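Asks: Below you'll find upload_27.pdb; it's PDB, C-alpha atoms.
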ATOM      1  CA  MET A  26      84.348 133.032 156.136
ATOM      2  CA  GLU A  27      84.668 130.110 153.716
ATOM      3  CA  ASN A  28      87.304 131.826 151.543
ATOM      4  CA  TYR A  29      89.747 132.589 154.347
ATOM      5  CA  GLN A  30      93.260 132.524 152.882
ATOM      6  CA  ILE A  31      95.951 131.402 155.289
ATOM      7  CA  ASP A  32      99.290 133.210 155.415
ATOM      8  CA  ASN A  33     102.670 132.190 156.801
ATOM      9  CA  LEU A  34     101.722 133.048 160.392
ATOM     10  CA  ASP A  35      98.605 130.880 160.090
ATOM     11  CA  LYS A  36     100.715 128.041 158.668
ATOM     12  CA  ASN A  37     103.168 128.365 161.550
ATOM     13  CA  ILE A  38     100.326 128.333 164.073
ATOM     14  CA  LEU A  39      98.743 125.283 162.413
ATOM     15  CA  ASN A  40     102.037 123.388 162.314
ATOM     16  CA  ALA A  41     102.707 124.137 165.987
ATOM     17  CA  LEU A  42      99.199 123.135 167.067
ATOM     18  CA  MET A  43      99.279 119.977 164.933
ATOM     19  CA  GLU A  44     102.506 119.029 166.696
ATOM     20  CA  ASN A  45     101.025 119.782 170.129
ATOM     21  CA  ALA A  46      97.458 121.075 170.345
ATOM     22  CA  ARG A  47      97.973 121.961 174.009
ATOM     23  CA  THR A  48     100.604 124.612 173.279
ATOM     24  CA  ALA A  49      99.639 127.824 175.052
ATOM     25  CA  TYR A  50      98.809 130.833 172.906
ATOM     26  CA  ALA A  51     101.354 132.852 174.934
ATOM     27  CA  GLU A  52     104.079 130.393 173.973
ATOM     28  CA  LEU A  53     103.074 130.575 170.302
ATOM     29  CA  ALA A  54     103.014 134.367 170.503
ATOM     30  CA  LYS A  55     106.549 134.410 171.878
ATOM     31  CA  ARG A  56     107.762 131.909 169.282
ATOM     32  CA  PHE A  57     106.273 133.886 166.371
ATOM     33  CA  ALA A  58     106.909 137.392 167.766
ATOM     34  CA  VAL A  59     103.253 138.466 167.885
ATOM     35  CA  SER A  60     100.774 139.031 170.711
ATOM     36  CA  ALA A  61      98.774 136.246 172.330
ATOM     37  CA  GLY A  62      95.685 138.165 171.178
ATOM     38  CA  THR A  63      96.850 137.836 167.571
ATOM     39  CA  ILE A  64      97.252 134.068 168.000
ATOM     40  CA  HIS A  65      93.769 133.851 169.529
ATOM     41  CA  VAL A  66      92.203 135.875 166.699
ATOM     42  CA  ARG A  67      93.960 133.811 164.016
ATOM     43  CA  VAL A  68      92.921 130.506 165.599
ATOM     44  CA  GLU A  69      89.310 131.695 165.919
ATOM     45  CA  LYS A  70      89.259 132.826 162.264
ATOM     46  CA  MET A  71      90.605 129.427 161.163
ATOM     47  CA  LYS A  72      87.936 127.710 163.282
ATOM     48  CA  GLN A  73      85.187 129.864 161.728
ATOM     49  CA  ALA A  74      86.553 129.091 158.251
ATOM     50  CA  GLY A  75      86.435 125.366 158.987
ATOM     51  CA  ILE A  76      90.211 124.950 158.666
ATOM     52  CA  ILE A  77      90.534 123.951 162.320
ATOM     53  CA  THR A  78      87.771 121.474 163.044
ATOM     54  CA  GLY A  79      88.712 120.473 166.572
ATOM     55  CA  THR A  80      91.435 118.937 168.672
ATOM     56  CA  GLN A  81      91.992 115.309 169.449
ATOM     57  CA  VAL A  82      94.134 112.952 171.440
ATOM     58  CA  SER A  83      96.272 110.520 169.450
ATOM     59  CA  VAL A  84      96.262 106.968 170.722
ATOM     60  CA  ASP A  85      98.364 103.972 169.764
ATOM     61  CA  ALA A  86      95.915 101.294 168.644
ATOM     62  CA  LYS A  87      98.416  98.507 169.338
ATOM     63  CA  GLN A  88      98.770  99.668 172.943
ATOM     64  CA  LEU A  89      95.000  99.301 173.246
ATOM     65  CA  GLY A  90      95.159  95.738 171.934
ATOM     66  CA  TYR A  91      94.243  96.365 168.283
ATOM     67  CA  ASP A  92      96.955  94.388 166.502
ATOM     68  CA  VAL A  93      95.319  93.974 163.091
ATOM     69  CA  CYS A  94      94.746  96.859 160.704
ATOM     70  CA  CYS A  95      93.096  96.145 157.385
ATOM     71  CA  PHE A  96      91.359  97.837 154.511
ATOM     72  CA  ILE A  97      88.204  96.416 153.020
ATOM     73  CA  GLY A  98      86.856  97.238 149.590
ATOM     74  CA  ILE A  99      83.078  96.878 149.504
ATOM     75  CA  ASN A 100      80.883  96.360 146.459
ATOM     76  CA  LEU A 101      77.207  97.196 146.908
ATOM     77  CA  ASN A 102      74.253  95.560 145.203
ATOM     78  CA  ASN A 103      73.022  99.011 144.126
ATOM     79  CA  ALA A 104      74.410 102.532 144.398
ATOM     80  CA  ARG A 105      71.196 103.549 146.169
ATOM     81  CA  ASP A 106      72.209 101.225 149.045
ATOM     82  CA  TYR A 107      75.086 103.546 150.009
ATOM     83  CA  PRO A 108      73.341 105.726 152.657
ATOM     84  CA  GLN A 109      71.851 102.769 154.543
ATOM     85  CA  THR A 110      75.074 100.747 154.332
ATOM     86  CA  LEU A 111      77.016 103.702 155.705
ATOM     87  CA  LEU A 112      74.640 103.857 158.689
ATOM     88  CA  HIS A 113      75.306 100.154 159.396
ATOM     89  CA  LEU A 114      79.077 100.633 159.099
ATOM     90  CA  LYS A 115      78.980 103.636 161.480
ATOM     91  CA  GLU A 116      77.543 101.327 164.148
ATOM     92  CA  LEU A 117      80.617  99.065 164.033
ATOM     93  CA  GLU A 118      83.299 100.278 166.427
ATOM     94  CA  GLU A 119      85.953  98.366 164.478
ATOM     95  CA  VAL A 120      85.333 100.553 161.402
ATOM     96  CA  VAL A 121      87.528 103.605 162.002
ATOM     97  CA  GLU A 122      87.409 105.228 158.546
ATOM     98  CA  ALA A 123      85.149 105.005 155.506
ATOM     99  CA  TYR A 124      85.440 106.472 152.019
ATOM    100  CA  TYR A 125      82.950 106.644 149.153
ATOM    101  CA  THR A 126      85.170 105.929 146.160
ATOM    102  CA  THR A 127      85.408 105.613 142.420
ATOM    103  CA  GLY A 128      87.056 102.572 140.887
ATOM    104  CA  ASN A 129      86.651  98.950 141.896
ATOM    105  CA  TYR A 130      84.770  99.544 145.150
ATOM    106  CA  SER A 131      81.768 101.575 146.209
ATOM    107  CA  ILE A 132      83.090 101.979 149.746
ATOM    108  CA  PHE A 133      86.597 101.532 151.122
ATOM    109  CA  ILE A 134      86.913 101.155 154.894
ATOM    110  CA  LYS A 135      89.694 100.885 157.449
ATOM    111  CA  VAL A 136      89.091  98.325 160.172
ATOM    112  CA  MET A 137      91.015  97.796 163.409
ATOM    113  CA  ALA A 138      90.707  94.375 165.047
ATOM    114  CA  ARG A 139      92.307  92.780 168.093
ATOM    115  CA  SER A 140      93.319  89.609 166.244
ATOM    116  CA  ILE A 141      92.789  87.661 163.034
ATOM    117  CA  ASP A 142      89.976  85.773 164.784
ATOM    118  CA  HIS A 143      88.366  89.095 165.732
ATOM    119  CA  LEU A 144      88.756  90.314 162.133
ATOM    120  CA  GLN A 145      87.128  87.124 160.845
ATOM    121  CA  ASP A 146      84.199  87.635 163.228
ATOM    122  CA  VAL A 147      83.798  91.279 162.153
ATOM    123  CA  LEU A 148      83.924  90.336 158.474
ATOM    124  CA  ILE A 149      81.508  87.426 158.590
ATOM    125  CA  ASN A 150      79.085  88.427 161.323
ATOM    126  CA  LYS A 151      79.030  92.198 160.968
ATOM    127  CA  ILE A 152      80.195  93.510 157.587
ATOM    128  CA  GLN A 153      79.206  90.713 155.225
ATOM    129  CA  ALA A 154      75.931  90.358 157.145
ATOM    130  CA  ILE A 155      74.816  93.732 155.772
ATOM    131  CA  GLU A 156      72.339  92.750 153.048
ATOM    132  CA  ALA A 157      73.247  95.524 150.632
ATOM    133  CA  ILE A 158      76.868  94.352 150.440
ATOM    134  CA  GLN A 159      77.427  92.193 147.387
ATOM    135  CA  SER A 160      81.111  91.373 148.023
ATOM    136  CA  THR A 161      84.225  92.471 149.900
ATOM    137  CA  GLU A 162      87.971  92.290 149.438
ATOM    138  CA  THR A 163      90.236  92.523 152.477
ATOM    139  CA  LEU A 164      93.797  93.822 152.478
ATOM    140  CA  ILE A 165      95.700  93.334 155.736
ATOM    141  CA  SER A 166      98.215  96.041 156.582
ATOM    142  CA  LEU A 167     101.629  94.694 157.590
ATOM    143  CA  GLN A 168     103.086  98.078 158.478
ATOM    144  CA  ASN A 169     102.226 101.794 158.484
ATOM    145  CA  PRO A 170     105.565 103.442 157.639
ATOM    146  CA  ILE A 171     104.041 106.826 156.748
ATOM    147  CA  SER A 172     101.268 108.443 158.768
ATOM    148  CA  ARG A 173     100.969 112.213 158.778
ATOM    149  CA  ALA A 174      98.595 115.083 158.435
ATOM    150  CA  VAL A 175      98.536 117.361 155.411
ATOM    151  CA  VAL A 176     101.029 120.191 155.402
ATOM    152  CA  PRO A 177      99.302 123.566 155.830
TER     153      PRO A 177
END
Could you render the structure from this file as structure tokens?

Replies:
Amino acid sequence: MENYQIDNLDKNILNALMENARTAYAELAKRFAVSAGTIHVRVEKMKQAGIITGTQVSVDAKQLGYDVCCFIGINLNNARDYPQTLLHLKELEEVVEAYYTTGNYSIFIKVMARSIDHLQDVLINKIQAIEAIQSTETLISLQNPISRAVVP
């Protein structure tokens, strides 16, 4: 079901569930003038097609004490070091996103830290301690004025 093409009803369902994943199918059915069974079938088809990959709770990192968000560009000694470096980065709870990129960096990661001191510790004792990493460049985020999911 890889080539499942979404229509307007699917888009409406996705938008509603992205806004509140706990919305009951009966409520969606009423809102979109279809049966709850239709909503269920559409959601299941989008799950099977890999469009819907799960549900999650959104948390405010600052409320959990993570006051520093930064992005770190990583240069590797060799491209072949990527898989092993990724395994090391996955072990670090402060690393919340990682991207294999073109351009100036081999890997670009997003790190959440509790403070500048915590960030310094993560950088020196965890990230830069990975042997395959040749160098890093850190960009501290001052603000996140736009944060949204893709529009279906």

Asks: Suppose a student applies the PyMOL selection byres ((chain A and resi 79) around 12) to this structure; what residues should they get, written as a list of chain:residue names?

Replies: A:Leu39, A:Leu42, A:Met43, A:Ala46, A:Arg47, A:Val68, A:Glu69, A:Met71, A:Lys72, A:Gln73, A:Gly75, A:Ile76, A:Ile77, A:Thr78, A:Thr80, A:Gln81, A:Val82

Asks: Can you tell me which residues surround range 138-150 of chain A at a distance of at most 6 Å, considering all atoms listed in the file, apart from same-chain residues fewer than 6 positions away, and format the answer as a list in words?

Replies: Gly90, Tyr91, Asp92 and Val93 of chain A

Asks: Save out the residues we just selected, C-alpha atoms, as a tab-separated table (two decimals), keeping the file's coordinate frame.

Replies:
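Saved to selection.tsv:
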chain	number	residue	atom	x	y	z
A	90	GLY	CA	95.16	95.74	171.93
A	91	TYR	CA	94.24	96.36	168.28
A	92	ASP	CA	96.96	94.39	166.50
A	93	VAL	CA	95.32	93.97	163.09

Asks: Choose the residue, out of A:Ile31, A:Leu89, A:Ile158, A:Val136, that has the smallest atom-to-atom separation from Gln109 in chain A; count only C-alpha atoms.

Replies: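 That would be A:Ile158, the residue with the smallest distance to Gln109 in chain A.
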
Asks: Which one of A:Ala58, A:Ala104, A:Leu117, A:Cys94 sits closest to Leu167 in chain A if you count all atoms listed in the file?

Replies: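 Counting all atoms listed in the file, the residue closest to Leu167 in chain A is A:Cys94.
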
Asks: Kindly give the distance, in Å, that separates CA of Ile38 in chain A and CA of Ile171 in chain A, rounded to a single decimal.

Replies: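 That distance, rounded to one decimal, is 23.0 Å.
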
Asks: Would you write out, as a PDB file with C-alpha atoms, in the frame of the given file, every residue that the PyMOL selection byres ((chain A and resi 40) around 12) captures in this file?

Replies:
ATOM      1  CA  ASN A  33     102.670 132.190 156.801  1.00  0.00           C
ATOM      2  CA  LEU A  34     101.722 133.048 160.392  1.00  0.00           C
ATOM      3  CA  ASP A  35      98.605 130.880 160.090  1.00  0.00           C
ATOM      4  CA  LYS A  36     100.715 128.041 158.668  1.00  0.00           C
ATOM      5  CA  ASN A  37     103.168 128.365 161.550  1.00  0.00           C
ATOM      6  CA  ILE A  38     100.326 128.333 164.073  1.00  0.00           C
ATOM      7  CA  LEU A  39      98.743 125.283 162.413  1.00  0.00           C
ATOM      8  CA  ALA A  41     102.707 124.137 165.987  1.00  0.00           C
ATOM      9  CA  LEU A  42      99.199 123.135 167.067  1.00  0.00           C
ATOM     10  CA  MET A  43      99.279 119.977 164.933  1.00  0.00           C
ATOM     11  CA  GLU A  44     102.506 119.029 166.696  1.00  0.00           C
ATOM     12  CA  ASN A  45     101.025 119.782 170.129  1.00  0.00           C
ATOM     13  CA  ALA A  46      97.458 121.075 170.345  1.00  0.00           C
ATOM     14  CA  THR A  48     100.604 124.612 173.279  1.00  0.00           C
ATOM     15  CA  LEU A  53     103.074 130.575 170.302  1.00  0.00           C
ATOM     16  CA  ILE A  77      90.534 123.951 162.320  1.00  0.00           C
ATOM     17  CA  ARG A 173     100.969 112.213 158.778  1.00  0.00           C
ATOM     18  CA  ALA A 174      98.595 115.083 158.435  1.00  0.00           C
ATOM     19  CA  VAL A 175      98.536 117.361 155.411  1.00  0.00           C
ATOM     20  CA  VAL A 176     101.029 120.191 155.402  1.00  0.00           C
ATOM     21  CA  PRO A 177      99.302 123.566 155.830  1.00  0.00           C
TER      22      PRO A 177
END

Asks: Can you pull out the residues contacting Tyr125 in chain A? Cut-off 12 Å, using all atoms listed in the file, and skip same-chain residues under 4 positions away; I want them as number ranges by chain.

Replies: A: 98-101, 104, 107-108, 110-111, 129-134

Asks: Could you dump the residues just selected with C-alpha atoms as a PDB file, keeping the file's coordinate frame?

Replies:
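The file below, out-v5.pdb, is the result:
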ATOM      1  CA  GLY A  98      86.856  97.238 149.590  1.00  0.00           C
ATOM      2  CA  ILE A  99      83.078  96.878 149.504  1.00  0.00           C
ATOM      3  CA  ASN A 100      80.883  96.360 146.459  1.00  0.00           C
ATOM      4  CA  LEU A 101      77.207  97.196 146.908  1.00  0.00           C
ATOM      5  CA  ALA A 104      74.410 102.532 144.398  1.00  0.00           C
ATOM      6  CA  TYR A 107      75.086 103.546 150.009  1.00  0.00           C
ATOM      7  CA  PRO A 108      73.341 105.726 152.657  1.00  0.00           C
ATOM      8  CA  THR A 110      75.074 100.747 154.332  1.00  0.00           C
ATOM      9  CA  LEU A 111      77.016 103.702 155.705  1.00  0.00           C
ATOM     10  CA  ASN A 129      86.651  98.950 141.896  1.00  0.00           C
ATOM     11  CA  TYR A 130      84.770  99.544 145.150  1.00  0.00           C
ATOM     12  CA  SER A 131      81.768 101.575 146.209  1.00  0.00           C
ATOM     13  CA  ILE A 132      83.090 101.979 149.746  1.00  0.00           C
ATOM     14  CA  PHE A 133      86.597 101.532 151.122  1.00  0.00           C
ATOM     15  CA  ILE A 134      86.913 101.155 154.894  1.00  0.00           C
TER      16      ILE A 134
END

Asks: Do a neighbour search on Ile64 in chain A at 8 Å with only C-alpha atoms, toss out local chain neighbours closer than 2 positions, and write the hits as an MDAnalysis selection string.

Replies: chainID A and resid 38 50 53:54 59:62 66:68

Asks: Rounded to one decimal in Å, what is the spacing between CA of Lys87 in chain A and CA of His113 in chain A?

Replies: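 Rounded to one decimal, the two atoms are 25.2 Å apart.
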
Asks: Work out how far CA of Ser172 in chain A is from CA of Lys135 in chain A, in Å to one decimal.

Replies: 13.9 Å

Asks: Counting all atoms listed in the file, which residue out of A:Thr127, A:Glu118, A:Leu112, A:Asn103 sits closest to Ser160 in chain A?

Replies: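 Smallest distance to Ser160 in chain A is found for A:Asn103.
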
Asks: Once 8 Å is added on each side, what centre and edge lengths in Å to one decimal does the axis-aligned box around all listed atoms of range 78-94 of chain A have, as JSON?

Replies:
{"center_x": 93.3, "center_y": 107.7, "center_z": 167.0, "size_x": 27.0, "size_y": 43.5, "size_z": 28.5}

Asks: To test your reading of the syntax: which residues would the PyMOL selection byres ((chain A and resi 162) around 6) return for the file shown? Reply as a PyMOL selection string.

Replies: chain A and resi 97-98+161+163

Asks: Which one of A:Gln88, A:Asn102, A:Asn28, A:Asn169 sits closest to Ala157 in chain A if you count all atoms listed in the file?

Replies: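 Counting all atoms listed in the file, the residue closest to Ala157 in chain A is A:Asn102.
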